[in-house]
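Q: Before I ask anything, here is the structure I am working with.
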Protein chains: 2
Amino acid sequence: MRTVTIADVAKHAGVAVSTVSYVLSGKRAISATTSQRVMRSVRALGYHPNAGARALASKRSNVIALVLPLRAGMHLPVLMQFATSVVTTARQFDHDVLLMTADEGPDGLRRVAASALVDGLVLMDVEIHDQRVPLLRELGEPSVLIGFPADASGLTCVDLDFARAGAVCADHLASLGHREIALLGAPTVVYKRGTGYAERTMEGFAEAGQGHGMTTIAWPCEESFDEVCATVKALLEQHPGLSGLVVHNEAAVGHVLGALRVLGRRVPEDVSVVAICPDDVAERASPALTSVLIPAADVGHQAVRLLMAKLEGVTVPDSTLLEPRLTIRDSTRRH
Amino acid sequence: MRTVTIADVAKHAGVAVSTVSYVLSGKRAISATTSQRVMRSVRALGYHPNAGARALASKRSNVIALVLPLRAGMHLPVLMQFATSVVTTARQFDHDVLLMTADEGPDGLRRVAASALVDGLVLMDVEIHDQRVPLLRELGEPSVLIGFPADASGLTCVDLDFARAGAVCADHLASLGHREIALLGAPTVVYKRGTGYAERTMEGFAEAGQGHGMTTIAWPCEESFDEVCATVKALLEQHPGLSGLVVHNEAAVGHVLGALRVLGRRVPEDVSVVAICPDDVAERASPALTSVLIPAADVGHQAVRLLMAKLEGVTVPDSTLLEPRLTIRDSTRRH
DNA sequence: ATACATCGTCGAAGCGCTTCGACGGCCTTC
DNA sequence: GAAGGCCGTCGAAGCGCTTCGACGATGTAT
């Protein structure tokens, strides 16, 4: 069963090859009758354009690259959500997604760009000092970053507004009458690396808290149960007046609750807890956690939308920040 | 800066276009001197073959598809590990990876196959009654499945040997002198769906346990803390002699430990716990969990290896099962 | 010395598609 | 009623690569 080509369709429909092409692409007006006849033939023969030939002739592959770094301490589930929403959205624009990891290094990006394998790039989990950024400038491929590098000039970046997320947590606790609150963040290694979102959350949290006249503390937090326990214990001892806790560390959130249980602190009677994490993690906890959602699907969707706009030659905003969403559950209460 | 083509390289090196092609592909003998000259030109000009043109002429795109279903209750982190090892391995064979989700339905596979966008497929998380399987047979695209459908005849499948994994847990507990042991598995919905690996783990566990003359219990396990608590409590009440627990549910494993703590059972003094989960989850727990590893990276690697062999026309085994690896940590002891 | 492989290289023919220019036929417009 | 426009369609020229057959130049066997 030889694969069916555009020539087969043309013959079957009794028109020229170029006519079929124009019907399919809509780049020239074709009469309704011809168009219908062609479409019937397309369906009858089960025609699918050959991707290579199309790419060669049109200089567009209809494929975008999704570039994941692979670092320790990444939020795997969230990444996965990003990835799937990127794929789904790309398909809506008739594009496919090539999955790349950064372990091929800069050459990977170079290769993919130079070989015209992809029309554009979506880079995930961009850090403050990301090696991929200068390369991106050099290549001049259309691209969208998820996350913000130090120098974002001339780049298109999308992310959740983490500063707002931190602030929303502080605001919520303030509104409940808490006066002394703490943020438990990512492991130290993440801050050392210069990971923008972690720092921005802290800043937003501290700023908002202080704006409400609260005392704010912000500590990094490792991810093993024993370390979380020790951290929480030390935190409560050093700050006896502490009544509100924000956890921005998906792997540790379960352990924080366990630690409070072990230490005999009730949630929310003794201490209110807000998590920055996906809804399923928050709902699975006991008590169900008041949480701020990272809208991973939205971010992926926006990233692709922006990239598609750029491919069309449309100018897009440099920076897109997505609003965090607070869901109040059972782990916070009036103090 | 026009993109550099094979003709540019040929001119620069003073040879014919076809000679350059043969140097690069190695499909015909070329003298060492010519070859070197060509390679020098390739580097000097920064030549990268145009993917579309190559695919069109050679009928091979050097891209494989990675097809993820998107279902509730999936092990996201493990999936991610699969995915990255697939990408890394594919690159070693000079292939790229197209990421597809099944939400485009069967048409997605059909489209990708018919358009010659990919040379082959890796399907992840295949279920007992997977809709993609009949389609795969129809398309006749080279493919490898991760997981086993009910009828695997004529297909190439790879997976961790989950029956062995269950058995290894039972064996380990038996060797420590436990007489009554239980398996806490996936949520009910996963079994209902007919998910092979969950059932196979249970069977391997039960069979091995009974082989040692032990009493074995196997229960599904939901993933919220409260439900886990209730389940563990009921389990211990109904089986007072129970001293060994196997947890095959990544999301619940932390909660099981928390539940035991709440119920006043010490690990490992009162009850030994073995988890089937990634090492980082096991190490993060307190006490660090004796665990059986799901070698996600290996599975991905093998899947790609097999697919590449098939693309070369080599015959490969229908079924590849990977040995689970038991790591003894602090959560199990002699009874 | 002749016949015949073998080796290294070249030229040209596509691969299946898009797109440009051309060209009839038809409708306006004065 | 002639000049000009627009519409719908066609043919052909590539896009950049692989691969086939051809062809001198060597090397080997007779």
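In the structure tokens, each chain is lettered A, B, ... as it comes, each chain's residues begin at 1, and ligands are numbered from 1 in order of appearance.
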Compute the chain A side of the contact with chain B at 6 Å, counting only C-alpha atoms, and hand it back as a list in words.

A: His48, Pro49, Asn50, Ala51, Gly52, Ala53, Ala55, Leu56, Leu76, Pro77, Val97, Leu98, Leu99, Ala114, Ser115, Ala116, Leu117, Ser224, Phe225, Arg284, Ala285 and Ser286 of chain A

Q: Please run DSSP on the backbone and report, as JSON, numbers by chain, all residues within stretch 200-252 of chain B that come out as alpha helix (DSSP H).

A: {"B": [200, 201, 202, 203, 204, 205, 206, 207, 208, 209, 210, 211, 225, 226, 227, 228, 229, 230, 231, 232, 233, 234, 235, 236, 237, 238, 250, 251, 252]}

Q: Any chance you can output those residues with C-alpha atoms as an mmCIF file, in the first residue's frame?

A:
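What landed in out-v6.cif:
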data_model
loop_
_atom_site.group_PDB
_atom_site.id
_atom_site.type_symbol
_atom_site.label_atom_id
_atom_site.label_comp_id
_atom_site.auth_asym_id
_atom_site.auth_seq_id
_atom_site.Cartn_x
_atom_site.Cartn_y
_atom_site.Cartn_z
ATOM 1 C CA ARG B 200 0.734 -8.181 38.391
ATOM 2 C CA THR B 201 2.368 -6.766 41.485
ATOM 3 C CA MET B 202 -0.465 -8.101 43.601
ATOM 4 C CA GLU B 203 -0.271 -11.520 42.028
ATOM 5 C CA GLY B 204 3.480 -11.787 42.396
ATOM 6 C CA PHE B 205 3.202 -10.673 45.987
ATOM 7 C CA ALA B 206 0.449 -13.121 46.860
ATOM 8 C CA GLU B 207 2.054 -16.043 45.110
ATOM 9 C CA ALA B 208 5.467 -15.546 46.656
ATOM 10 C CA GLY B 209 3.982 -14.932 50.088
ATOM 11 C CA GLN B 210 1.943 -18.086 49.937
ATOM 12 C CA GLY B 211 4.964 -19.954 48.669
ATOM 13 C CA PHE B 225 -4.244 11.189 54.225
ATOM 14 C CA ASP B 226 -7.558 10.553 55.899
ATOM 15 C CA GLU B 227 -8.424 7.625 53.693
ATOM 16 C CA VAL B 228 -4.967 6.124 54.090
ATOM 17 C CA CYS B 229 -5.328 6.475 57.830
ATOM 18 C CA ALA B 230 -8.666 4.733 57.811
ATOM 19 C CA THR B 231 -7.375 1.971 55.575
ATOM 20 C CA VAL B 232 -4.304 1.319 57.696
ATOM 21 C CA LYS B 233 -6.355 1.379 60.857
ATOM 22 C CA ALA B 234 -8.884 -1.096 59.482
ATOM 23 C CA LEU B 235 -6.105 -3.288 58.199
ATOM 24 C CA LEU B 236 -4.391 -3.476 61.551
ATOM 25 C CA GLU B 237 -7.648 -4.112 63.372
ATOM 26 C CA GLN B 238 -8.742 -6.881 61.077
ATOM 27 C CA GLU B 250 3.873 6.585 45.442
ATOM 28 C CA ALA B 251 1.418 9.266 46.445
ATOM 29 C CA ALA B 252 0.288 7.337 49.515
#

Q: Go through C:DT18, C:DA5, C:DA13, C:DC27 one by one, measure the shortest atom-to-atom distance of each to D:DG27 using only C-alpha atoms (C1' of nucleotides), and give the residue with the smallest value.

A: C:DA5

Q: For the contact check between chain D and chain A, emit one row per residue of chain D within 12 Å, containing the shortest atom pair and the distance in Å rounded to one decimal, counting only C-alpha atoms (C1' of nucleotides), chain then rising number order, as a tab-separated table.

A:
residue	atom	partner	partner_atom	distance
D:DC6	C1'	A:Ala29	CA	11.4
D:DC7	C1'	A:Ala29	CA	7.8
D:DG8	C1'	A:Ile30	CA	6.0
D:DT9	C1'	A:Thr19	CA	6.9
D:DC10	C1'	A:Ala16	CA	6.3
D:DG11	C1'	A:Ala16	CA	8.5
D:DA12	C1'	A:Ser18	CA	10.5
D:DA13	C1'	A:Ala57	CA	11.6
D:DG14	C1'	A:Ala57	CA	8.3
D:DC15	C1'	A:Ala57	CA	4.7
D:DG16	C1'	A:Leu56	CA	7.4
D:DC17	C1'	A:Leu56	CA	9.7

Q: Enumerate as a list in words the residues belonging to chain C that approach chain B to within 8 Å, with only C-alpha atoms (C1' of nucleotides) taken into account.

A: DC7, DG8, DT9, DC10, DC15 and DG16 of chain C

Q: Determine which residues of stretch 52-236 of chain A DSSP labels as strand (DSSP E or B) from the backbone of this structure, then write them out as a PyMOL selection string.

A: chain A and resi 63-68+96-101+120-123+143-146+157-160+180-184+215-219

Q: Would you pick out the contacts of C:DT2 at 12 Å or less, using only C-alpha atoms (C1' of nucleotides), so that residues sharing its chain but fewer than 2 positions from it are not included, and give the list as a ChimeraX atom specification?

A: /C:4 /D:29-30

Q: Could you turn the residues from that selection into a file that holds C-alpha atoms (C1' of nucleotides), as a PDB file, in the first residue's frame?

A:
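File written: part33.pdb
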ATOM      1  C1'  DC C   4      38.121  -7.714 -15.435  1.00  0.00           C
TER       2       DC C   4
ATOM      3  C1'  DA D  29      44.497 -12.424 -12.300  1.00  0.00           C
ATOM      4  C1'  DT D  30      45.508 -14.587 -16.482  1.00  0.00           C
TER       5       DT D  30
END

Q: So what do you get for atom CA of B:Val190 versus atom CA of B:Val256, distance-wise?

A: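 So the two atoms, atom CA of B:Val190 and atom CA of B:Val256, lie 18.6 Å apart.
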
Q: When you look at B:Thr290 with a cut-off of 12 Å (counting only C-alpha atoms (C1' of nucleotides)), what residues show up, excluding the ones that are within fewer than 3 positions of it in the same chain? I need them as a PyMOL selection string.

A: chain B and resi 168-169+172-173+244-247+253+267-268+272-287+293+325-333
